[in-house]
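**Student:** Pasting model_34.cif here (mmCIF, C-alpha atoms):
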```
data_query
#
loop_
_atom_site.label_atom_id
_atom_site.label_comp_id
_atom_site.auth_asym_id
_atom_site.auth_seq_id
_atom_site.Cartn_x
_atom_site.Cartn_y
_atom_site.Cartn_z
CA ARG A 1 113.78 -148.62 -49.55
CA ARG A 2 112.70 -145.11 -50.55
CA GLY A 3 113.81 -143.36 -47.36
CA ARG A 4 110.22 -142.84 -46.26
CA LYS A 5 107.17 -144.82 -45.28
CA GLY A 6 105.93 -145.58 -48.78
CA PRO A 7 103.41 -148.18 -49.99
CA ALA A 8 105.72 -151.09 -49.23
CA MET A 9 105.91 -150.20 -45.56
CA ARG A 10 102.26 -149.27 -45.26
CA ILE A 11 101.03 -152.60 -46.57
CA LEU A 12 103.28 -154.42 -44.11
CA ALA A 13 101.74 -152.41 -41.32
CA ALA A 14 98.14 -152.58 -42.43
CA GLY A 15 97.86 -155.54 -44.77
CA ARG A 16 97.67 -158.12 -42.06
CA GLY A 17 95.02 -156.43 -39.97
CA ALA A 18 94.63 -157.94 -36.56
CA ALA A 19 97.48 -160.39 -37.18
CA ALA A 20 100.10 -157.63 -37.30
CA ALA A 21 100.50 -157.45 -33.56
CA ALA A 22 100.62 -161.21 -33.26
CA MET A 23 103.37 -161.50 -35.84
CA ALA A 24 105.51 -159.05 -33.92
CA ALA A 25 105.45 -161.25 -30.84
CA MET A 26 107.98 -163.95 -29.95
CA THR A 27 107.88 -167.27 -31.73
CA ILE A 28 107.02 -170.04 -29.29
CA MET A 29 107.47 -173.72 -29.92
CA SER A 30 104.57 -175.49 -28.28
CA GLY A 31 104.08 -179.22 -28.62
CA THR A 32 103.96 -180.11 -32.32
CA ARG A 33 103.15 -176.65 -33.63
CA ALA A 34 104.99 -173.38 -34.05
CA THR A 35 103.09 -170.35 -32.77
CA ARG A 36 103.81 -166.66 -32.73
CA GLY A 37 101.94 -164.68 -30.13
CA GLY A 38 99.63 -167.67 -29.74
CA ARG A 39 98.82 -167.86 -33.46
CA THR A 40 99.53 -171.13 -35.28
CA LEU A 41 102.05 -170.73 -38.08
CA CYS A 42 102.93 -174.23 -39.22
CA MET A 43 101.71 -177.61 -38.04
CA LYS A 44 104.70 -179.90 -37.64
CA GLY A 45 103.57 -183.40 -36.75
CA GLY A 46 105.93 -185.89 -38.31
CA ASP A 47 102.99 -188.17 -39.03
CA GLY A 48 101.00 -185.39 -40.69
CA THR A 49 98.64 -184.91 -37.77
CA VAL A 50 98.08 -182.24 -35.17
CA ASP A 51 96.05 -183.09 -32.07
CA GLY A 52 94.88 -186.20 -33.90
CA ALA A 53 93.52 -184.26 -36.92
CA PRO A 54 94.92 -184.43 -40.47
CA GLN A 55 97.39 -181.67 -41.28
CA ASP A 56 95.73 -179.34 -43.81
CA PHE A 57 97.08 -175.80 -44.09
CA ALA A 58 94.86 -174.97 -47.05
CA SER A 59 91.63 -175.30 -45.10
CA SER A 60 92.93 -174.48 -41.62
CA GLN A 61 91.59 -171.19 -40.34
CA ALA A 62 94.30 -171.28 -37.66
CA ALA A 63 96.97 -171.11 -40.35
CA GLY A 64 95.37 -168.15 -42.13
CA ILE A 65 92.56 -167.60 -44.62
CA LYS A 66 91.04 -170.49 -46.48
CA MET A 67 92.30 -171.26 -49.97
CA PRO A 68 89.68 -169.91 -52.41
CA PRO A 69 87.90 -172.38 -54.71
CA ILE A 70 89.56 -170.83 -57.78
CA VAL A 71 92.95 -169.07 -58.02
CA TYR A 72 94.07 -166.35 -60.42
CA GLY A 73 97.30 -167.25 -62.21
CA THR A 74 99.77 -164.56 -63.24
CA ALA A 75 102.20 -166.34 -65.56
CA TRP A 76 103.14 -164.67 -68.87
CA LYS A 77 101.50 -161.34 -68.01
CA LYS A 78 104.70 -159.28 -67.80
CA GLU A 79 104.04 -155.53 -67.59
CA ASN A 80 100.26 -156.16 -67.52
CA THR A 81 100.47 -158.12 -64.26
CA GLU A 82 99.61 -155.24 -61.93
CA GLU A 83 96.47 -154.15 -63.76
CA LEU A 84 95.26 -157.70 -64.36
CA VAL A 85 95.67 -158.72 -60.71
CA LEU A 86 93.86 -155.56 -59.68
CA ARG A 87 91.05 -156.34 -62.12
CA ALA A 88 90.81 -159.96 -60.99
CA VAL A 89 90.53 -159.10 -57.30
CA LEU A 90 88.01 -156.33 -57.92
CA GLU A 91 85.93 -158.81 -59.91
CA GLY A 92 85.97 -161.19 -56.93
CA PHE A 93 89.09 -163.37 -57.02
CA ARG A 94 90.69 -163.86 -53.61
CA GLY A 95 93.55 -166.18 -54.57
CA ILE A 96 96.67 -165.17 -56.52
CA ASP A 97 99.41 -167.45 -57.85
CA THR A 98 102.85 -166.14 -58.79
CA ALA A 99 106.52 -167.19 -58.69
CA CYS A 100 109.98 -165.77 -58.15
CA GLN A 101 110.80 -166.60 -61.75
CA PRO A 102 111.30 -163.50 -63.94
CA LYS A 103 111.36 -165.74 -67.00
CA HIS A 104 107.59 -166.29 -66.77
CA TYR A 105 106.27 -164.11 -63.91
CA PHE A 106 106.46 -160.44 -62.97
CA GLU A 107 106.18 -160.80 -59.20
CA PRO A 108 106.66 -157.05 -58.44
CA GLY A 109 103.48 -156.37 -60.42
CA VAL A 110 101.54 -158.55 -57.99
CA GLY A 111 103.03 -156.60 -55.08
CA ARG A 112 102.05 -153.26 -56.60
CA ALA A 113 98.51 -154.53 -57.07
CA LEU A 114 98.39 -155.60 -53.40
CA VAL A 115 99.39 -152.09 -52.33
CA ARG A 116 96.76 -150.47 -54.54
CA LEU A 117 94.07 -152.86 -53.34
CA GLN A 118 94.88 -151.91 -49.76
CA GLU A 119 95.21 -148.18 -50.27
CA GLN A 120 92.64 -147.47 -53.00
CA HIS A 121 90.01 -150.18 -52.45
CA ASN A 122 90.30 -151.08 -48.76
CA ILE A 123 91.02 -154.75 -49.54
CA PRO A 124 93.75 -155.77 -47.07
CA ARG A 125 96.48 -158.29 -47.75
CA SER A 126 94.98 -160.50 -45.03
CA ASP A 127 91.83 -161.00 -47.16
CA LEU A 128 93.82 -162.57 -49.99
CA TRP A 129 95.45 -165.95 -50.52
CA VAL A 130 98.85 -165.27 -52.10
CA GLN A 131 101.10 -168.15 -53.13
CA THR A 132 104.51 -167.95 -54.74
CA LYS A 133 107.13 -170.43 -55.82
CA PHE A 134 110.80 -171.19 -55.45
CA THR A 135 112.04 -172.05 -58.94
CA PRO A 136 115.28 -174.10 -59.13
CA VAL A 137 118.12 -172.84 -61.34
CA ARG A 138 117.21 -175.05 -64.30
CA GLY A 139 113.79 -173.36 -64.52
CA GLN A 140 115.23 -169.83 -64.56
CA ASP A 141 116.42 -167.57 -67.36
CA PRO A 142 120.23 -167.90 -66.97
CA ASN A 143 120.55 -164.15 -67.58
CA ASN A 144 118.00 -163.18 -64.93
CA ILE A 145 118.16 -165.46 -61.89
CA PRO A 146 116.70 -163.79 -58.76
CA TYR A 147 119.27 -165.38 -56.44
CA ASP A 148 122.90 -166.47 -56.50
CA PRO A 149 122.95 -169.64 -58.65
CA ASN A 150 126.35 -170.59 -57.24
CA ALA A 151 125.18 -170.49 -53.62
CA PRO A 152 124.21 -173.70 -51.80
CA ARG A 153 120.62 -174.68 -52.52
CA GLU A 154 119.57 -173.77 -49.00
CA GLU A 155 120.78 -170.20 -49.54
CA GLN A 156 119.10 -170.06 -52.95
CA VAL A 157 115.75 -170.78 -51.28
CA GLN A 158 116.36 -168.17 -48.60
CA GLN A 159 117.39 -165.54 -51.15
CA SER A 160 114.42 -166.34 -53.39
CA MET A 161 111.99 -166.01 -50.47
CA ALA A 162 113.56 -162.71 -49.42
CA ARG A 163 113.19 -161.42 -52.97
CA SER A 164 109.56 -162.59 -53.13
CA LEU A 165 108.64 -160.78 -49.93
CA VAL A 166 110.21 -157.58 -51.26
CA ASN A 167 108.51 -158.01 -54.63
CA LEU A 168 105.13 -158.74 -53.05
CA GLN A 169 105.52 -155.98 -50.44
CA THR A 170 104.35 -158.30 -47.68
CA ASP A 171 105.96 -160.24 -44.85
CA TYR A 172 104.42 -163.65 -45.50
CA VAL A 173 102.85 -165.80 -48.19
CA ASP A 174 99.96 -168.15 -47.64
CA ALA A 175 101.79 -170.88 -49.53
CA LEU A 176 105.32 -171.40 -50.77
CA VAL A 177 105.44 -173.91 -53.62
CA LEU A 178 108.47 -175.76 -54.95
CA HIS A 179 108.16 -175.14 -58.69
CA SER A 180 109.40 -178.61 -59.58
CA PRO A 181 111.18 -181.53 -57.94
CA LEU A 182 114.96 -181.53 -58.24
CA PRO A 183 116.85 -184.31 -60.04
CA THR A 184 117.23 -186.45 -56.90
CA HIS A 185 115.18 -186.91 -53.76
CA GLU A 186 118.16 -185.81 -51.66
CA MET A 187 118.35 -182.51 -53.56
CA THR A 188 114.60 -182.01 -53.26
CA MET A 189 114.72 -182.57 -49.50
CA ARG A 190 117.56 -180.06 -49.04
CA VAL A 191 115.32 -177.44 -50.60
CA TRP A 192 112.23 -178.66 -48.77
CA LYS A 193 113.87 -178.52 -45.35
CA THR A 194 114.77 -174.87 -45.98
CA MET A 195 111.16 -174.23 -46.98
CA GLU A 196 110.14 -175.82 -43.69
CA ASP A 197 112.43 -173.38 -41.88
CA LEU A 198 110.72 -170.50 -43.67
CA CYS A 199 107.40 -171.87 -42.54
CA ASP A 200 108.68 -172.03 -38.94
CA GLU A 201 109.69 -168.37 -39.25
CA GLY A 202 106.20 -167.36 -40.35
CA LYS A 203 107.29 -166.29 -43.83
CA ALA A 204 105.21 -169.08 -45.38
CA ARG A 205 102.05 -170.51 -43.90
CA SER A 206 101.96 -173.72 -45.92
CA LEU A 207 104.06 -175.62 -48.43
CA GLY A 208 103.39 -177.25 -51.77
CA ILE A 209 104.98 -178.68 -54.88
CA SER A 210 104.30 -178.19 -58.57
CA ASN A 211 105.08 -180.12 -61.76
CA CYS A 212 105.41 -183.35 -59.82
CA TYR A 213 104.00 -186.11 -62.02
CA SER A 214 105.57 -189.08 -60.27
CA LEU A 215 103.47 -190.74 -57.56
CA SER A 216 106.57 -192.29 -56.00
CA SER A 217 108.24 -188.88 -55.78
CA LEU A 218 105.23 -187.34 -54.06
CA LYS A 219 104.97 -190.28 -51.67
CA GLU A 220 108.67 -190.02 -50.84
CA LEU A 221 108.41 -186.28 -50.22
CA HIS A 222 105.36 -186.74 -48.02
CA ALA A 223 107.03 -189.50 -46.01
CA SER A 224 110.33 -187.63 -45.58
CA SER A 225 109.01 -184.18 -44.73
CA ARG A 226 108.45 -182.69 -41.30
CA ILE A 227 105.93 -180.20 -42.69
CA LYS A 228 103.82 -182.03 -45.24
CA PRO A 229 102.91 -180.66 -48.66
CA THR A 230 99.33 -179.37 -48.73
CA ILE A 231 99.30 -178.36 -52.42
CA LEU A 232 100.11 -180.28 -55.59
CA GLN A 233 99.88 -177.97 -58.61
CA ASN A 234 100.03 -179.78 -61.95
CA ARG A 235 98.98 -179.48 -65.56
CA PHE A 236 95.68 -181.33 -65.90
CA TYR A 237 95.73 -183.16 -69.20
CA ARG A 238 95.64 -186.46 -71.02
CA ASP A 239 99.40 -186.92 -71.38
CA THR A 240 99.66 -187.67 -67.65
CA ASN A 241 96.39 -189.59 -67.49
CA PHE A 242 94.92 -186.57 -65.68
CA ASP A 243 97.02 -187.48 -62.63
CA LYS A 244 94.46 -190.03 -61.46
CA GLU A 245 96.77 -191.82 -59.03
CA LEU A 246 98.29 -188.58 -57.79
CA ARG A 247 94.85 -187.07 -57.19
CA ALA A 248 93.78 -190.15 -55.24
CA PHE A 249 96.87 -189.81 -53.04
CA CYS A 250 96.11 -186.13 -52.53
CA GLN A 251 92.55 -186.86 -51.44
CA GLU A 252 93.78 -189.52 -49.04
CA HIS A 253 96.33 -187.20 -47.41
CA GLY A 254 94.52 -183.85 -47.34
CA ILE A 255 96.52 -182.31 -50.19
CA THR A 256 94.74 -179.79 -52.41
CA TYR A 257 95.22 -180.60 -56.08
CA GLN A 258 95.50 -177.38 -58.10
CA SER A 259 95.18 -177.63 -61.87
CA PHE A 260 96.65 -175.34 -64.50
CA TRP A 261 96.06 -175.32 -68.27
CA THR A 262 92.71 -176.87 -67.36
CA LEU A 263 91.01 -175.35 -70.41
CA THR A 264 93.93 -174.87 -72.80
CA ALA A 265 95.14 -178.46 -72.56
CA ASN A 266 91.71 -180.05 -73.02
CA PRO A 267 90.07 -178.77 -76.23
CA GLU A 268 88.68 -182.22 -77.03
CA ILE A 269 86.74 -182.28 -73.75
CA LEU A 270 85.45 -178.73 -74.24
CA SER A 271 84.19 -179.64 -77.71
CA SER A 272 82.74 -183.01 -76.68
CA ARG A 273 79.06 -183.84 -77.11
CA ALA A 274 78.68 -184.35 -73.35
CA VAL A 275 80.03 -180.93 -72.41
CA LYS A 276 78.06 -179.20 -75.17
CA SER A 277 74.89 -180.89 -73.94
CA LEU A 278 75.51 -179.74 -70.38
CA SER A 279 76.34 -176.28 -71.65
CA ASN A 280 72.90 -176.11 -73.26
CA LYS A 281 71.18 -177.58 -70.22
CA TYR A 282 72.68 -175.15 -67.72
CA LYS A 283 72.90 -172.24 -70.19
CA LYS A 284 76.60 -171.84 -69.41
CA THR A 285 79.71 -171.90 -71.56
CA PRO A 286 81.62 -175.17 -72.12
CA GLU A 287 84.49 -173.63 -70.13
CA GLN A 288 82.19 -173.06 -67.17
CA VAL A 289 80.97 -176.65 -67.39
CA LEU A 290 84.54 -177.98 -67.34
CA PHE A 291 85.45 -175.78 -64.37
CA ALA A 292 82.28 -176.97 -62.60
CA PHE A 293 83.34 -180.55 -63.27
CA VAL A 294 86.86 -180.19 -61.88
CA ARG A 295 85.49 -178.38 -58.83
CA GLY A 296 83.01 -181.24 -58.41
CA ILE A 297 85.79 -183.82 -58.23
CA GLY A 298 87.81 -181.85 -55.67
CA ILE A 299 90.19 -179.85 -57.87
CA THR A 300 91.05 -176.18 -57.33
CA PRO A 301 91.64 -174.72 -60.81
CA LEU A 302 93.90 -171.83 -61.76
CA THR A 303 92.75 -169.43 -64.44
CA GLY A 304 94.87 -166.75 -66.05
CA THR A 305 92.35 -165.03 -68.27
CA SER A 306 92.83 -161.34 -69.02
CA SER A 307 89.18 -160.89 -70.06
CA LYS A 308 86.86 -159.26 -67.53
CA GLN A 309 83.94 -161.26 -68.94
CA HIS A 310 85.80 -164.55 -68.61
CA MET A 311 86.84 -163.63 -65.06
CA ARG A 312 83.18 -163.19 -64.19
CA GLU A 313 82.24 -166.46 -65.85
CA ASP A 314 85.00 -168.35 -64.04
CA LEU A 315 83.99 -166.90 -60.69
CA GLU A 316 80.34 -167.71 -61.32
CA VAL A 317 81.23 -171.40 -61.31
CA THR A 318 82.22 -171.14 -57.64
CA GLN A 319 79.37 -168.81 -56.66
CA ASN A 320 76.36 -170.29 -58.45
CA ALA A 321 74.83 -173.19 -56.53
CA GLU A 322 72.76 -174.11 -59.59
CA LEU A 323 75.92 -175.00 -61.53
CA GLN A 324 76.68 -178.18 -59.60
CA LEU A 325 76.80 -181.17 -61.89
CA GLU A 326 74.84 -184.26 -60.97
CA ASP A 327 76.76 -187.46 -60.23
CA GLY A 328 75.75 -189.00 -63.56
CA GLU A 329 76.90 -185.91 -65.43
CA LYS A 330 80.25 -185.96 -63.67
CA ARG A 331 80.64 -189.65 -64.50
CA GLU A 332 79.98 -188.91 -68.18
CA ILE A 333 82.84 -186.41 -68.29
CA MET A 334 84.97 -188.65 -66.09
CA GLY A 335 84.66 -191.28 -68.80
CA MET A 336 86.65 -189.01 -71.11
CA LEU A 337 89.61 -188.74 -68.72
#
```
Would you put the structure from the file into structure tokens?
**Tutor:**
Amino acid sequence: RRGRKGPAMRILAAGRGAAAAAMAAMTIMSGTRATRGGRTLCMKGGDGTVDGAPQDFASSQAAGIKMPPIVYGTAWKKENTEELVLRAVLEGFRGIDTACQPKHYFEPGVGRALVRLQEQHNIPRSDLWVQTKFTPVRGQDPNNIPYDPNAPREEQVQQSMARSLVNLQTDYVDALVLHSPLPTHEMTMRVWKTMEDLCDEGKARSLGISNCYSLSSLKELHASSRIKPTILQNRFYRDTNFDKELRAFCQEHGITYQSFWTLTANPEILSSRAVKSLSNKYKKTPEQVLFAFVRGIGITPLTGTSSKQHMREDLEVTQNAELQLEDGEKREIMGML
């Protein structure tokens, strides 16, 4: 784009490490999986299985790096995105969540941080889990839509993905997430099938959906899809009964439940006697106790803090073996959900 081999081109060449040569090879369809140069890109069993094993992109080493136990969220950070992503990764985060939605995310800032991490800190793109989202027209700022809103939905997805790859200065994402279901199942599936095509092409290594609070909608998507969702990213709060039925379905089908607004939406839990007691027992903050709880029940939380101290505290939850709540302690907090 700049008439020379600048950072964008260098990260494409170096960011993927040993996978770069594999991605340049021919795509081969073999059995129920798509491979490129022998490397698995997307599992495609219609029944959600590959070689008899549950389909699970998030934890499949064959499909790329493992999803980290906590993910750094970049919404609302605007011009501070680049520096905050850089800070988060240098503190220890290895997962980054963004979206091709200028209304709430500054995706190019994430891409600039990826380049600097590679060039200045020797942290390659291949060491990071990067997930972005396709946001339907109704979720976009009408004055700043990153694709042609009058194009067919299939083309909107393609254009959005192309823009994301340019913004992120990479040639793939570890997960492409549908930012919300569309008004009808038919519309959702038109978008999803295009996302599946992007997965076949190696531009996305797994697929997910966000802001889906209807169990029937998730079941219908799972049943209708060729490449199954492996992420459900929802707000974790009382208004939706903490997605109890949805989380049970996710556990049954190998879908990682990612939570956002985990702290912000639950002040009554953070201030509860049970959490305060555990905070004193473990000598940790109430926020750390709540993150330890959600991790203990199988949730991968997002955190968007801009504080270096809070970043360290959030990461400590996933790194400190001593901060693992006992079953009785988890049940006590569970009773508040």
**Student:** Choose the residue, out of A:Arg295, A:Lys283, A:Ser306, A:Ala204, that has the smallest atom-to-atom separation from Trp76 in chain A; count only C-alpha atoms.
**Tutor:**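 Ranking A:Arg295, A:Lys283, A:Ser306, A:Ala204 by distance to Trp76 in chain A, first place goes to A:Ser306.
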**Student:** From the list A:Gln251, A:Thr98, A:Gln159, A:Asn320, which residue is nearest Trp129 in chain A when using all atoms listed in the file?
**Tutor:**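 Smallest separation from Trp129 in chain A among the options: A:Thr98.
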**Student:** Mind pulling up the distance from CA of Ala223 in chain A to CA of Val191 in chain A?
**Tutor:** 15.3 Å
**Student:** Could you pull the residues within 10 Å of Pro108 in chain A, counting only C-alpha atoms, minus those fewer than 4 positions along the same chain, as a list in words?
**Tutor:**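 Listing them by chain and then by number gives Lys78, Glu79, Thr81, Glu82, Thr98, Cys100, Pro102, Arg112, Ala113, Leu114, Arg163, Ser164, Leu165, Val166, Asn167, Leu168 and Gln169 of chain A.
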**Student:** So how far away is CA of Leu215 in chain A from CA of Tyr257 in chain A, in Å?
**Tutor:**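 One can read the CA of Tyr257 in chain A to CA of Leu215 in chain A distance as 13.2 Å.
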**Student:** Taking into account all atoms listed in the file, which residue in the set A:Thr230, A:Ser210, A:Ser225, A:Asn80 is nearest to Lys193 in chain A?
**Tutor:**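 Closest residue, counting all atoms listed in the file: A:Ser225.
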**Student:** If you count only C-alpha atoms, which residues fall within 9 Å of Ala274 in chain A, apart from same-chain ones fewer than 6 positions away, as a PDB file with C-alpha atoms, keeping the file's coordinate frame?
**Tutor:**
```
ATOM      1  CA  GLU A 329      76.900-185.910 -65.430  1.00  0.00           C
ATOM      2  CA  GLU A 332      79.980-188.910 -68.180  1.00  0.00           C
ATOM      3  CA  ILE A 333      82.840-186.410 -68.290  1.00  0.00           C
TER       4      ILE A 333
END
```
**Student:** Here is a test: counting only C-alpha atoms, which residue of A:Phe293, A:Phe249, A:Tyr147, A:Trp192 is nearest to Arg226 in chain A?
**Tutor:**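 Selected residue with least distance to Arg226 in chain A: A:Trp192.
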**Student:** Would you mind listing what lies within 6 Å of range 172-175 of chain A as a list in words, with only C-alpha atoms counted and same-chain residues fewer than 2 positions away left out?
**Tutor:**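 Surrounding residues, per the criterion: Trp129, Val130, Gln131, Thr170, Lys203, Ala204, Arg205, Ser206 and Leu207 of chain A.
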**Student:** Exactly which residues make up the result of the PyMOL selection byres ((chain A and resi 91) around 8) on this file, given as a PyMOL selection string?
**Tutor:** chain A and resi 87-90+92-93+308+311-312
**Student:** In Å, rounded to a single decimal, give me how far CA of Met336 in chain A is from CA of Tyr213 in chain A.
**Tutor:**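 Computing the Euclidean distance for CA of Tyr213 in chain A and CA of Met336 in chain A yields 19.8 Å.
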**Student:** Which residues would end up in the selection if the PyMOL selection byres ((chain A and resi 261) around 10) were applied here, given that I need the answer as a list in words?
**Tutor:**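 Applied to this file, the PyMOL selection byres ((chain A and resi 261) around 10) selects Asn234, Arg235, Phe236, Tyr237, Ser259, Phe260, Thr262, Leu263, Thr264, Ala265, Asn266, Pro301, Leu302, Thr303 and Gly304 of chain A.
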**Student:** Check the smallest atom-to-atom distance from each of A:Gly111, A:Gly335, A:Pro286, A:Phe291 to Ile70 in chain A using only C-alpha atoms, then report the winner.
**Tutor:**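 Counting only C-alpha atoms, the residue closest to Ile70 in chain A is A:Phe291.
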